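A.B. asks: As input, take protein19.cif (mmCIF, C-alpha atoms):
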data_input
loop_
_atom_site.group_PDB
_atom_site.id
_atom_site.type_symbol
_atom_site.label_atom_id
_atom_site.label_comp_id
_atom_site.auth_asym_id
_atom_site.auth_seq_id
_atom_site.Cartn_x
_atom_site.Cartn_y
_atom_site.Cartn_z
ATOM 1 C CA MET A 124 6.978 30.916 -95.354
ATOM 2 C CA HIS A 125 5.588 31.888 -91.934
ATOM 3 C CA LYS A 126 2.090 32.394 -93.355
ATOM 4 C CA SER A 127 2.050 28.954 -94.962
ATOM 5 C CA VAL A 128 3.317 27.277 -91.778
ATOM 6 C CA PHE A 129 0.729 29.193 -89.750
ATOM 7 C CA ALA A 130 -2.071 28.212 -92.134
ATOM 8 C CA ALA A 131 -0.990 24.572 -92.160
ATOM 9 C CA MET A 132 -0.804 24.411 -88.364
ATOM 10 C CA LEU A 133 -4.158 26.185 -87.947
ATOM 11 C CA GLY A 134 -5.715 23.748 -90.397
ATOM 12 C CA PHE A 135 -4.093 20.869 -88.568
ATOM 13 C CA ALA A 136 -5.335 22.116 -85.191
ATOM 14 C CA SER A 137 -8.898 22.270 -86.496
ATOM 15 C CA MET A 138 -8.585 18.884 -88.196
ATOM 16 C CA VAL A 139 -7.241 17.098 -85.137
ATOM 17 C CA ALA A 140 -10.194 18.352 -83.144
ATOM 18 C CA THR A 141 -12.984 16.986 -85.282
ATOM 19 C CA PRO A 142 -15.729 14.795 -83.839
ATOM 20 C CA SER A 143 -15.168 12.434 -86.766
ATOM 21 C CA LEU A 144 -11.551 12.034 -85.734
ATOM 22 C CA GLY A 145 -11.395 8.729 -87.522
ATOM 23 C CA GLN A 146 -9.841 6.776 -84.668
ATOM 24 C CA THR A 147 -10.534 3.142 -85.240
ATOM 25 C CA PRO A 148 -8.987 0.202 -83.488
ATOM 26 C CA SER A 149 -7.011 -2.060 -85.781
ATOM 27 C CA LYS A 150 -7.167 -5.840 -85.718
ATOM 28 C CA VAL A 151 -3.863 -6.012 -83.805
ATOM 29 C CA GLY A 152 -4.503 -7.043 -80.214
ATOM 30 C CA GLN A 153 -8.180 -7.969 -80.673
ATOM 31 C CA GLY A 154 -9.011 -11.214 -78.938
ATOM 32 C CA ASN A 155 -5.924 -10.998 -76.715
ATOM 33 C CA PRO A 156 -6.602 -8.863 -73.597
ATOM 34 C CA SER A 157 -2.900 -8.501 -72.773
ATOM 35 C CA VAL A 158 -2.198 -6.658 -76.050
ATOM 36 C CA PRO A 159 -3.765 -3.172 -76.126
ATOM 37 C CA PRO A 160 -5.555 -2.160 -79.321
ATOM 38 C CA ARG A 161 -3.649 -0.069 -81.826
ATOM 39 C CA TYR A 162 -5.481 2.982 -83.179
ATOM 40 C CA THR A 163 -5.129 4.640 -86.527
ATOM 41 C CA ILE A 164 -5.756 8.363 -86.709
ATOM 42 C CA SER A 165 -6.891 10.024 -89.895
ATOM 43 C CA PHE A 166 -7.458 13.737 -90.326
ATOM 44 C CA LYS A 167 -10.484 15.144 -92.109
ATOM 45 C CA ARG A 168 -11.778 18.678 -92.339
ATOM 46 C CA GLY A 169 -14.777 19.224 -90.133
ATOM 47 C CA ASP A 170 -16.146 21.219 -87.253
ATOM 48 C CA PRO A 171 -13.855 21.644 -84.238
ATOM 49 C CA ALA A 172 -14.637 19.501 -81.219
ATOM 50 C CA ALA A 173 -16.210 21.136 -78.196
ATOM 51 C CA GLY A 174 -13.886 22.020 -75.331
ATOM 52 C CA ILE A 175 -10.731 22.679 -77.339
ATOM 53 C CA VAL A 176 -8.908 25.984 -77.499
ATOM 54 C CA ALA A 177 -6.429 25.272 -80.264
ATOM 55 C CA THR A 178 -3.477 27.419 -81.234
ATOM 56 C CA PRO A 179 -1.579 27.152 -84.489
ATOM 57 C CA ALA A 180 1.484 25.664 -82.803
ATOM 58 C CA ILE A 181 1.615 22.132 -81.463
ATOM 59 C CA VAL A 182 4.290 20.073 -79.787
ATOM 60 C CA LEU A 183 5.134 16.775 -81.428
ATOM 61 C CA GLN A 184 4.900 13.772 -80.396
ATOM 62 C CA PHE A 185 1.271 13.082 -79.720
ATOM 63 C CA GLU A 186 0.417 10.614 -76.997
ATOM 64 C CA CYS A 187 -2.380 8.085 -77.168
ATOM 65 C CA THR A 188 -3.806 6.001 -74.330
ATOM 66 C CA SER A 189 -5.189 2.493 -74.762
ATOM 67 C CA ASP A 190 -8.782 3.768 -75.073
ATOM 68 C CA GLY A 191 -7.852 5.821 -78.165
ATOM 69 C CA THR A 192 -7.675 9.238 -76.473
ATOM 70 C CA VAL A 193 -5.120 11.498 -78.158
ATOM 71 C CA PHE A 194 -3.165 14.003 -76.044
ATOM 72 C CA VAL A 195 -1.844 17.101 -77.827
ATOM 73 C CA SER A 196 0.135 19.997 -76.334
ATOM 74 C CA PHE A 197 -0.729 23.366 -77.849
ATOM 75 C CA ALA A 198 1.818 26.170 -77.434
ATOM 76 C CA SER A 199 0.692 29.702 -76.610
ATOM 77 C CA VAL A 200 2.095 31.913 -79.321
ATOM 78 C CA VAL A 201 2.269 35.566 -80.264
ATOM 79 C CA PRO A 202 -0.402 36.233 -82.923
ATOM 80 C CA ALA A 203 0.881 36.024 -86.486
ATOM 81 C CA ASN A 204 1.411 39.330 -88.302
ATOM 82 C CA SER A 205 1.257 41.221 -84.979
ATOM 83 C CA GLY A 206 4.827 42.420 -85.446
ATOM 84 C CA LEU A 207 5.609 41.356 -81.881
ATOM 85 C CA PRO A 208 8.477 38.971 -81.229
ATOM 86 C CA PRO A 209 7.853 36.354 -78.556
ATOM 87 C CA PRO A 210 9.427 36.856 -75.140
ATOM 88 C CA PRO A 211 12.494 34.760 -74.334
ATOM 89 C CA GLY A 212 12.059 31.212 -73.102
ATOM 90 C CA LEU A 213 9.665 28.455 -73.961
ATOM 91 C CA PRO A 214 6.025 29.374 -74.586
ATOM 92 C CA PRO A 215 3.401 28.146 -72.106
ATOM 93 C CA MET A 216 1.814 24.819 -73.072
ATOM 94 C CA LEU A 217 -1.775 23.630 -72.767
ATOM 95 C CA LEU A 218 -2.280 19.875 -72.810
ATOM 96 C CA THR A 219 -5.563 18.881 -74.431
ATOM 97 C CA SER A 220 -7.098 15.424 -74.578
ATOM 98 C CA ILE A 221 -9.321 14.396 -77.456
ATOM 99 C CA PRO A 222 -11.210 11.170 -76.751
ATOM 100 C CA ARG A 223 -12.888 9.114 -79.443
ATOM 101 C CA SER A 224 -16.171 10.921 -78.627
ATOM 102 C CA GLY A 225 -14.560 14.155 -79.869
ATOM 103 C CA ASN A 226 -15.302 16.205 -76.705
ATOM 104 C CA GLY A 227 -11.946 17.717 -75.872
ATOM 105 C CA ARG A 228 -10.635 18.663 -72.446
ATOM 106 C CA THR A 229 -7.832 21.058 -71.562
ATOM 107 C CA PHE A 230 -5.691 20.635 -68.455
ATOM 108 C CA HIS A 231 -5.078 23.992 -66.727
ATOM 109 C CA LEU A 232 -2.104 23.957 -64.375
ATOM 110 C CA ASP A 233 -3.266 26.993 -62.390
ATOM 111 C CA GLN A 234 -5.924 24.938 -60.534
ATOM 112 C CA ALA A 235 -3.643 23.871 -57.654
ATOM 113 C CA PRO A 236 -4.688 25.938 -54.615
ATOM 114 C CA GLY A 237 -1.783 27.699 -52.946
ATOM 115 C CA LEU A 238 0.687 26.859 -55.736
ATOM 116 C CA TYR A 239 2.022 29.173 -58.410
ATOM 117 C CA THR A 240 3.075 27.068 -61.362
ATOM 118 C CA SER A 241 5.826 28.651 -63.430
ATOM 119 C CA GLU A 242 6.503 25.951 -66.001
ATOM 120 C CA GLU A 243 5.466 22.490 -67.128
ATOM 121 C CA ILE A 244 8.527 20.247 -67.317
ATOM 122 C CA ASP A 245 6.747 17.131 -68.574
ATOM 123 C CA HIS A 246 3.514 15.174 -68.358
ATOM 124 C CA PHE A 247 2.359 11.557 -68.451
ATOM 125 C CA ALA A 248 -1.097 10.459 -69.577
ATOM 126 C CA SER A 249 -2.525 7.099 -68.554
ATOM 127 C CA ASP A 250 -5.908 5.423 -68.677
ATOM 128 C CA SER A 251 -6.674 6.587 -65.127
ATOM 129 C CA GLY A 252 -5.297 10.145 -65.036
ATOM 130 C CA VAL A 253 -2.677 12.667 -66.074
ATOM 131 C CA LEU A 254 0.422 13.624 -64.085
ATOM 132 C CA PHE A 255 2.399 16.828 -64.614
ATOM 133 C CA LEU A 256 5.918 17.548 -63.399
ATOM 134 C CA VAL A 257 6.076 21.311 -62.899
ATOM 135 C CA LYS A 258 8.182 24.084 -61.410
ATOM 136 C CA ALA A 259 6.079 25.805 -58.747
ATOM 137 C CA SER A 260 6.247 27.790 -55.522
ATOM 138 C CA HIS A 261 3.954 28.610 -52.611
ATOM 139 C CA GLU A 262 4.377 32.337 -53.144
ATOM 140 C CA ASN A 263 4.234 34.685 -56.076
ATOM 141 C CA LYS A 264 6.973 37.311 -56.415
ATOM 142 C CA PRO A 265 6.287 38.806 -59.844
ATOM 143 C CA GLU A 266 9.156 40.641 -61.472
ATOM 144 C CA LYS A 267 9.136 42.326 -64.854
ATOM 145 C CA ARG A 268 12.030 41.646 -67.189
ATOM 146 C CA ALA A 269 12.875 43.573 -70.328
ATOM 147 C CA TYR A 270 13.951 42.067 -73.622
ATOM 148 C CA THR A 271 14.931 43.428 -77.005
ATOM 149 C CA VAL A 272 14.605 41.841 -80.437
ATOM 150 C CA GLY A 273 15.833 44.107 -83.197
ATOM 151 C CA LYS A 274 14.159 47.481 -82.605
ATOM 152 C CA TYR A 275 11.400 46.001 -80.451
ATOM 153 C CA HIS A 276 11.588 46.440 -76.672
ATOM 154 C CA GLY A 277 9.155 44.376 -74.597
ATOM 155 C CA GLU A 278 8.513 43.108 -71.097
ATOM 156 C CA TYR A 279 7.483 39.816 -69.605
ATOM 157 C CA THR A 280 6.778 38.798 -66.014
ATOM 158 C CA ILE A 281 8.327 35.907 -64.107
ATOM 159 C CA ASN A 282 7.860 34.578 -60.584
ATOM 160 C CA THR A 283 11.178 35.061 -58.766
ATOM 161 C CA ALA A 284 10.121 33.025 -55.712
ATOM 162 C CA GLU A 285 12.166 29.869 -55.133
ATOM 163 C CA GLN A 286 10.829 27.093 -57.355
ATOM 164 C CA SER A 287 10.524 23.434 -56.401
ATOM 165 C CA PRO A 288 9.468 20.386 -58.411
ATOM 166 C CA TYR A 289 5.849 19.351 -57.876
ATOM 167 C CA ILE A 290 3.708 16.621 -59.359
ATOM 168 C CA LEU A 291 0.152 17.698 -60.117
ATOM 169 C CA ILE A 292 -2.444 14.955 -60.475
ATOM 170 C CA PHE A 293 -5.524 15.377 -62.694
ATOM 171 C CA ASN A 294 -8.304 12.994 -63.593
ATOM 172 C CA ARG A 295 -9.030 12.303 -67.253
ATOM 173 C CA GLU A 296 -11.793 14.930 -67.270
ATOM 174 C CA GLY A 297 -9.208 17.678 -66.668
ATOM 175 C CA GLU A 298 -10.116 18.217 -62.998
ATOM 176 C CA PHE A 299 -7.260 18.873 -60.594
ATOM 177 C CA LYS A 300 -7.064 16.272 -57.806
ATOM 178 C CA ARG A 301 -3.966 16.946 -55.694
ATOM 179 C CA PRO A 302 -0.360 18.147 -55.724
ATOM 180 C CA PHE A 303 2.633 16.730 -53.995
ATOM 181 C CA GLN A 304 6.178 17.960 -53.821
ATOM 182 C CA SER A 305 8.416 15.704 -55.831
ATOM 183 C CA PRO A 306 10.540 13.433 -53.664
ATOM 184 C CA MET A 307 13.299 13.693 -56.262
ATOM 185 C CA THR A 308 16.042 16.241 -55.839
ATOM 186 C CA LEU A 309 15.903 18.278 -59.013
ATOM 187 C CA ARG A 310 17.716 21.474 -59.855
ATOM 188 C CA PHE A 311 16.347 23.871 -62.426
ATOM 189 C CA ALA A 312 18.613 25.902 -64.658
ATOM 190 C CA SER A 313 17.572 29.523 -65.010
#
Now that the file is in, can you turn its structure into structure tokens?

C.D. replies:
Amino acid sequence: MHKSVFAAMLGFASMVATPSLGQTPSKVGQGNPSVPPRYTISFKRGDPAAGIVATPAIVLQFECTSDGTVFVSFASVVPANSGLPPPPGLPPMLLTSIPRSGNGRTFHLDQAPGLYTSEEIDHFASDSGVLFLVKASHENKPEKRAYTVGKYHGEYTINTAEQSPYILIFNREGEFKRPFQSPMTLRFAS
């Protein structure tokens, strides 16, 4: 079962990243500037688009902006058939945009100078940029933690510094612009 799911997701990841993505605006909204166009996405086998580092696991729902750019979150996963169980917690995510041109861009959250991002909470893509709500700190206090799954004993590293909510702002090309500490009072469960 795992091999077939892995193969299907790997095939899907390569299909979603094709230059001939097949995004075409429908007739809905044409002629009326207040109604954005609706795009139809079809998947065809082809060469992967430049700029995309796809993994076999994706997070559903896709997002699409009014210009037809598709945003897909790829999850970092333990390689299949490695015999290694994943560490506890959610896997790190990499948001990738795939515009109609097919040249993908990945948004790396480690670009904020002086901030150590521990986790993406959510993101919002618009026609002018991409915002990320993250857990981050101004210092890095790495601590190794042990975990056991069956007979396997592994380690993973977390940042034990106090985390605060930050909003990271990127342009549509994947370039980091600026951070700001969220004005909202949020508490994170450990």

A.B. asks: Between A:Ser199, A:Ser305, A:Gln184, A:Thr271, which has the minimum distance to Leu291 in chain A (counting only C-alpha atoms)?

C.D. replies: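 Going through A:Ser199, A:Ser305, A:Gln184, A:Thr271 one by one, the smallest distance to Leu291 in chain A is for A:Ser305.
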
A.B. asks: Go through A:Val253, A:Cys187, A:Ile175, A:Ile181 one by one, measure the shortest atom-to-atom distance of each to Thr219 in chain A using all atoms listed in the file, and give the residue with the smallest value.

C.D. replies: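 Looking only at the distances to Thr219 in chain A, the closest residue turns out to be A:Ile175.
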
A.B. asks: Could you tell me which of A:Val158, A:Ile292, A:Leu218, A:Ala284 comes closest to Val193 in chain A if we count all atoms listed in the file?

C.D. replies: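 Checking each candidate against Val193 in chain A, we get A:Leu218 as the closest.
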
A.B. asks: In Å, how far is it from CA of His246 in chain A to CA of Asn294 in chain A?

C.D. replies: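 A separation of 12.9 Å between them.
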
A.B. asks: Using all atoms listed in the file, which protein or nucleic acid residues come within 12 Å of Leu232 in chain A? Drop anything in the same chain fewer than 4 positions from it, and give the result as a compact mmCIF listing (two decimals) with C-alpha atoms, in the frame of the given file.

C.D. replies:
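Here's the written file around-v8.txt:
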# COMPACT_ATOMS: atom_id res chain seq x y z
CA PRO A 215 3.40 28.15 -72.11
CA MET A 216 1.81 24.82 -73.07
CA LEU A 217 -1.78 23.63 -72.77
CA LEU A 218 -2.28 19.88 -72.81
CA THR A 219 -5.56 18.88 -74.43
CA PRO A 236 -4.69 25.94 -54.62
CA LEU A 238 0.69 26.86 -55.74
CA TYR A 239 2.02 29.17 -58.41
CA THR A 240 3.08 27.07 -61.36
CA SER A 241 5.83 28.65 -63.43
CA GLU A 242 6.50 25.95 -66.00
CA GLU A 243 5.47 22.49 -67.13
CA ILE A 244 8.53 20.25 -67.32
CA ASP A 245 6.75 17.13 -68.57
CA HIS A 246 3.51 15.17 -68.36
CA VAL A 253 -2.68 12.67 -66.07
CA LEU A 254 0.42 13.62 -64.08
CA PHE A 255 2.40 16.83 -64.61
CA LEU A 256 5.92 17.55 -63.40
CA VAL A 257 6.08 21.31 -62.90
CA LYS A 258 8.18 24.08 -61.41
CA ALA A 259 6.08 25.80 -58.75
CA TYR A 289 5.85 19.35 -57.88
CA ILE A 290 3.71 16.62 -59.36
CA LEU A 291 0.15 17.70 -60.12
CA ILE A 292 -2.44 14.96 -60.48
CA PHE A 293 -5.52 15.38 -62.69
CA GLY A 297 -9.21 17.68 -66.67
CA GLU A 298 -10.12 18.22 -63.00
CA PHE A 299 -7.26 18.87 -60.59
CA LYS A 300 -7.06 16.27 -57.81
CA ARG A 301 -3.97 16.95 -55.69
CA PRO A 302 -0.36 18.15 -55.72

A.B. asks: Would you list the residues near (8.3, 40.3, -82.3) (no more than 7 Å away, in the coordinates of the file, using only C-alpha atoms) as a list in words?

C.D. replies: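 The residues near that point, listed by chain and number, are Gly206, Leu207, Pro208, Pro209, Val272 and Tyr275 of chain A.
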
A.B. asks: So which one's closest to Pro265 in chain A, A:Thr229, A:Val195, A:Asp170, A:Glu285? Using all atoms listed in the file, please.

C.D. replies: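 Using all atoms listed in the file, the shortest distance to Pro265 in chain A belongs to A:Glu285.
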
A.B. asks: Could you check which residues have any atom within 12 Å of (13.3, 37.4, -56.7), counting all atoms listed in the file with coordinates taken straight from the file, and then list them as a PDB file with C-alpha atoms, in the frame of the given file?

C.D. replies:
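Result file result-v3.pdb:
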ATOM      1  CA  SER A 260       6.247  27.790 -55.522  1.00  0.00           C
ATOM      2  CA  GLU A 262       4.377  32.337 -53.144  1.00  0.00           C
ATOM      3  CA  ASN A 263       4.234  34.685 -56.076  1.00  0.00           C
ATOM      4  CA  LYS A 264       6.973  37.311 -56.415  1.00  0.00           C
ATOM      5  CA  PRO A 265       6.287  38.806 -59.844  1.00  0.00           C
ATOM      6  CA  GLU A 266       9.156  40.641 -61.472  1.00  0.00           C
ATOM      7  CA  LYS A 267       9.136  42.326 -64.854  1.00  0.00           C
ATOM      8  CA  ARG A 268      12.030  41.646 -67.189  1.00  0.00           C
ATOM      9  CA  THR A 280       6.778  38.798 -66.014  1.00  0.00           C
ATOM     10  CA  ILE A 281       8.327  35.907 -64.107  1.00  0.00           C
ATOM     11  CA  ASN A 282       7.860  34.578 -60.584  1.00  0.00           C
ATOM     12  CA  THR A 283      11.178  35.061 -58.766  1.00  0.00           C
ATOM     13  CA  ALA A 284      10.121  33.025 -55.712  1.00  0.00           C
ATOM     14  CA  GLU A 285      12.166  29.869 -55.133  1.00  0.00           C
ATOM     15  CA  GLN A 286      10.829  27.093 -57.355  1.00  0.00           C
TER      16      GLN A 286
END

A.B. asks: Using CA of Leu183 in chain A and CA of Ser196 in chain A as the two end points, give the distance in Å to one decimal.

C.D. replies: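 Here the two named atoms are 7.8 Å from each other.
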
A.B. asks: What is the CA of His231 in chain A to CA of Ser287 in chain A distance in Å?

C.D. replies: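 If I compute the distance from CA of His231 in chain A to CA of Ser287 in chain A, I get 18.7 Å.
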
A.B. asks: Kindly compute an axis-aligned box around the listed atoms of range 283-286 of chain A, allowing 3 Å on each side, and express its centre and edge lengths in Å to one decimal as lines of an AutoDock Vina configuration file.

C.D. replies:
center_x = 11.1
center_y = 31.1
center_z = -56.9
size_x = 8.0
size_y = 14.0
size_z = 9.6

A.B. asks: Hey, which of A:Phe194, A:His276, A:Ser157, A:Glu186 ends up closest to Phe230 in chain A? Count only C-alpha atoms.

C.D. replies: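 When distances to Phe230 in chain A are compared using only C-alpha atoms, the smallest one comes from A:Phe194.
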
A.B. asks: Compare A:Gln304, A:Thr192, A:Ala269, A:Glu278 by their minimum atom-to-atom distance to Arg228 in chain A, counting all atoms listed in the file, and give me the closest one.

C.D. replies: A:Thr192
